[in-house]
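Shown next: query21.txt, given as compact mmCIF, C-alpha atoms.
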```txt
# COMPACT_ATOMS: atom_id res chain seq x y z
CA MET A 27 0.00 0.00 0.00
CA ARG A 28 1.60 3.24 -1.13
CA HIS A 29 -0.52 5.16 1.33
CA LEU A 30 1.29 4.16 4.53
CA PRO A 31 0.85 5.29 7.13
CA TYR A 32 -2.90 4.99 6.68
CA PHE A 33 -5.18 6.36 9.39
CA CYS A 34 -8.83 5.44 9.87
CA ARG A 35 -11.43 5.30 12.59
CA GLY A 36 -14.88 3.84 12.90
CA GLN A 37 -17.35 2.27 15.26
CA VAL A 38 -16.58 -1.30 16.32
CA VAL A 39 -19.23 -3.68 14.97
CA ARG A 40 -19.87 -7.38 15.53
CA GLY A 41 -17.88 -9.52 13.14
CA PHE A 42 -18.16 -13.21 12.34
CA GLY A 43 -17.75 -14.22 15.98
CA ARG A 44 -14.63 -16.28 15.23
CA GLY A 45 -11.71 -14.25 16.59
CA SER A 46 -12.09 -14.94 20.29
CA LYS A 47 -14.13 -18.11 20.07
CA GLN A 48 -12.33 -20.19 17.42
CA LEU A 49 -8.92 -18.57 17.31
CA GLY A 50 -8.41 -17.28 20.85
CA ILE A 51 -7.32 -14.04 19.19
CA PRO A 52 -9.98 -11.34 19.70
CA THR A 53 -10.47 -8.90 16.84
CA ALA A 54 -12.31 -5.61 16.49
CA ASN A 55 -14.20 -5.21 13.24
CA PHE A 56 -14.86 -2.05 11.27
CA PRO A 57 -18.20 -1.42 9.54
CA GLU A 58 -18.41 -1.94 5.77
CA GLN A 59 -18.11 1.77 4.97
CA VAL A 60 -14.64 1.96 6.59
CA VAL A 61 -13.51 -1.09 4.57
CA ASP A 62 -15.08 0.34 1.40
CA ASN A 63 -13.16 3.60 1.91
CA LEU A 64 -9.74 1.94 1.92
CA PRO A 65 -7.50 3.18 -0.93
CA ALA A 66 -8.34 1.37 -4.17
CA ASP A 67 -4.81 -0.01 -4.49
CA VAL A 68 -4.64 -1.51 -1.01
CA SER A 69 -3.28 -5.05 -1.15
CA THR A 70 -5.03 -7.64 0.93
CA GLY A 71 -2.87 -9.08 3.66
CA ILE A 72 -1.59 -8.61 7.15
CA TYR A 73 -0.45 -5.18 8.33
CA TYR A 74 0.73 -3.76 11.63
CA GLY A 75 0.47 -0.47 13.44
CA TRP A 76 -1.12 1.27 16.38
CA ALA A 77 -4.67 1.38 17.71
CA SER A 78 -6.71 2.94 20.46
CA VAL A 79 -10.28 2.57 21.61
CA GLY A 80 -12.01 5.89 22.18
CA SER A 81 -9.58 8.21 23.94
CA GLY A 82 -7.82 5.26 25.59
CA ASP A 83 -4.17 4.28 25.49
CA VAL A 84 -2.47 3.52 22.17
CA HIS A 85 -1.40 -0.13 21.73
CA LYS A 86 0.41 -2.20 19.13
CA MET A 87 -1.86 -4.05 16.72
CA VAL A 88 -2.02 -6.29 13.67
CA VAL A 89 -4.82 -5.99 11.13
CA SER A 90 -6.01 -8.39 8.47
CA ILE A 91 -7.46 -6.76 5.36
CA GLY A 92 -9.10 -9.07 2.89
CA TRP A 93 -11.25 -12.09 2.31
CA ASN A 94 -9.92 -14.53 4.93
CA PRO A 95 -9.38 -17.43 2.49
CA TYR A 96 -9.51 -20.03 5.27
CA TYR A 97 -13.10 -19.01 5.96
CA LYS A 98 -13.99 -18.28 2.31
CA ASN A 99 -15.54 -14.89 3.10
CA THR A 100 -17.61 -13.25 0.38
CA LYS A 101 -17.15 -9.76 1.85
CA LYS A 102 -13.84 -8.01 2.31
CA SER A 103 -13.18 -7.29 5.98
CA MET A 104 -10.76 -5.38 8.15
CA GLU A 105 -10.13 -7.13 11.45
CA THR A 106 -7.86 -5.53 14.05
CA HIS A 107 -6.20 -7.47 16.85
CA ILE A 108 -5.01 -5.05 19.50
CA ILE A 109 -2.01 -6.46 21.37
CA HIS A 110 -3.46 -5.73 24.79
CA THR A 111 -5.88 -7.50 27.12
CA PHE A 112 -9.16 -5.63 27.54
CA LYS A 113 -11.44 -6.42 30.46
CA GLU A 114 -14.59 -6.32 28.33
CA ASP A 115 -15.86 -6.04 24.77
CA PHE A 116 -16.02 -2.58 23.24
CA TYR A 117 -18.70 -2.91 20.57
CA GLY A 118 -20.04 0.52 19.62
CA GLU A 119 -16.85 2.31 20.69
CA ILE A 120 -14.68 4.22 18.23
CA LEU A 121 -11.59 2.32 17.10
CA ASN A 122 -8.69 4.50 15.91
CA VAL A 123 -6.10 2.72 13.74
CA ALA A 124 -2.80 3.81 12.21
CA ILE A 125 -1.47 1.22 9.76
CA VAL A 126 2.28 1.73 9.42
CA GLY A 127 3.64 -1.43 7.78
CA TYR A 128 2.92 -4.57 5.77
CA LEU A 129 3.79 -8.07 6.99
CA ARG A 130 2.59 -10.57 4.39
CA PRO A 131 -0.06 -11.36 1.80
CA GLU A 132 -3.25 -13.19 2.69
CA LYS A 133 -3.07 -16.93 2.22
CA ASN A 134 -5.08 -20.03 2.86
CA PHE A 135 -4.21 -22.57 5.55
CA ASP A 136 -4.79 -26.29 5.66
CA SER A 137 -5.85 -26.29 9.31
CA LEU A 138 -7.09 -24.01 12.05
CA GLU A 139 -3.89 -24.76 13.98
CA SER A 140 -1.65 -23.52 11.14
CA LEU A 141 -3.79 -20.35 10.82
CA ILE A 142 -3.48 -19.67 14.57
CA SER A 143 0.27 -20.32 14.43
CA ALA A 144 0.68 -17.87 11.53
CA ILE A 145 -1.32 -15.18 13.35
CA GLN A 146 0.78 -15.65 16.49
CA GLY A 147 3.92 -15.29 14.34
CA ASP A 148 2.48 -12.12 12.79
CA ILE A 149 1.86 -10.70 16.26
CA GLU A 150 5.44 -11.39 17.37
CA GLU A 151 6.87 -9.86 14.19
CA ALA A 152 4.63 -6.79 14.52
CA LYS A 153 5.73 -6.26 18.13
CA LYS A 154 9.38 -6.21 17.02
CA ARG A 155 8.85 -3.92 14.03
CA LEU A 156 6.77 -1.45 16.02
CA ASP A 157 9.71 -0.89 18.37
CA LEU A 158 11.71 0.57 15.45
CA PRO A 159 11.95 4.40 15.67
CA GLU A 160 10.32 4.92 12.26
CA HIS A 161 7.20 3.09 13.49
CA LEU A 162 7.31 3.99 17.18
CA LYS A 163 6.84 7.68 16.39
CA PHE A 164 3.28 7.06 15.13
CA LYS A 165 2.20 5.96 18.62
CA GLU A 166 2.31 9.65 19.59
CA ASP A 167 0.61 10.92 16.43
CA ASN A 168 -1.97 13.70 16.82
CA PHE A 169 -4.48 11.32 15.19
CA PHE A 170 -4.76 9.56 18.57
CA GLN A 171 -5.39 12.79 20.50
CA VAL A 172 -9.17 12.46 20.20
CA PRO A 173 -11.02 15.26 22.02
CA LYS A 174 -13.11 13.85 24.87
CA ASN A 175 -16.29 15.47 23.49
CA LYS A 176 -15.89 13.51 20.22
CA ILE A 177 -16.10 10.12 21.91
CA LEU A 178 -19.39 8.28 21.88
CA ASN A 179 -21.08 6.91 25.00
CA GLY A 180 -18.98 9.08 27.29
CA HIS A 181 -15.98 6.72 27.10
```
Would you write out, as structure tokens, the structure that this file holds?
Amino acid sequence: MRHLPYFCRGQVVRGFGRGSKQLGIPTANFPEQVVDNLPADVSTGIYYGWASVGSGDVHKMVVSIGWNPYYKNTKKSMETHIIHTFKEDFYGEILNVAIVGYLRPEKNFDSLESLISAIQGDIEEAKKRLDLPEHLKFKEDNFFQVPKNKILNGH
């Protein structure tokens, strides 16, 4: 994607219900309009960057953009895994995402175990890359300084 870093925000919506339940890797899903507004030349695949929920702290994240070949999706999705443990779900909150780098293309897997293993590898690689100064600087970007009065539900 030539447009990196790419910044977007949107309300967290319910996804396919697979992230936490089947994979043990919770994801936050953007509504269709956020996915539809991605740059036309965005390659599907796994990216990394920074994310915050509402005006909360900024955390490392990985995001899958595409069709999830293992699950044979018919709709393109954008699923963000924030590398942080949240106490509760945050459906309806505003998710702020800064995509700063690309890890790998989307691919199919022959088992759920190999998919989970690949995602865990992506997470470890993202953590390392986000410690590099050229990526670390985006954690402090003004994009994440969301005014309190712009947050929904008082969060």
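Compared by their closest atoms to Thr100 (chain A), and using only C-alpha atoms, the residues A:Glu166, A:Tyr32, A:Phe42, A:Arg130 rank with A:Phe42 nearest.
Closest approach to Ala152 (chain A) among A:Tyr117, A:Trp93, A:Phe56, A:Tyr128: A:Tyr128, based on only C-alpha atoms.
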- [ ] Dump as an MDAnalysis selection string all residues having an atom at most 10 Å from (-15.7, -2.4, 2.3), computed in the file's coordinates with only C-alpha atoms.
- [x] chainID A and resid 56:64 91:92 101:104
Task: Counting all atoms listed in the file, the residue of A:Gly147, A:Gly80, A:Gly71, A:Pro65 that sits nearest Gln171 (chain A) - done: A:Gly80
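Considering the residues A:Glu160, A:Glu114, A:Asp67, A:Glu105 and counting all atoms listed in the file, Val89 (chain A) has its shortest atom-to-atom contact with A:Glu105.
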- [ ] Compile the contact shell of Ser78 (chain A) as JSON, numbers by chain: residues with an atom at most 7 Å away, counting only C-alpha atoms, same-chain residues fewer than 2 positions apart removed.
- [x] {"A": [80, 81, 82, 83, 84, 85, 121, 122, 123]}
- [ ] Tell me which of A:Glu132, A:Thr53, A:Ile109, A:Gly75 sits closest to Lys163 (chain A), counting all atoms listed in the file.
- [x] A:Gly75
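Using only C-alpha atoms, the protein and nucleic acid residues lying no more than 9 Å from Asp148 (chain A), apart from those fewer than 2 places from it along its own chain, are Ile72, Tyr73, Tyr74, Val88, Leu129, Arg130, Ser143, Ala144, Ile145, Gln146, Glu150, Glu151, Ala152 and Lys153 of chain A.
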TODO: Have a look at A:Ile108, A:Ala66, A:Val38, A:Ile120 and name the one nearest to Val79 (chain A); count all atoms listed in the file.
DONE: A:Ile120
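The spacing separating CA of Ile142 (chain A) from CA of Phe112 (chain A) amounts to 19.9 Å.
Here CA of Pro131 (chain A) stands at a distance of 26.7 Å from CA of Phe169 (chain A).
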If the box runs along x, y and z of the file and leaves 4 Å on each side of region 162-166 of chain A, what are its centre and edge lengths in Å, one decimal, as AutoDock Vina command-line options?
```
--center_x 4.8 --center_y 6.8 --center_z 17.4 --size_x 13.1 --size_y 13.7 --size_z 12.5
```
TODO: Would you work out the distance separating CA of Phe116 (chain A) from CA of Ser90 (chain A), expressed in Å to one decimal?
DONE: 18.8 Å
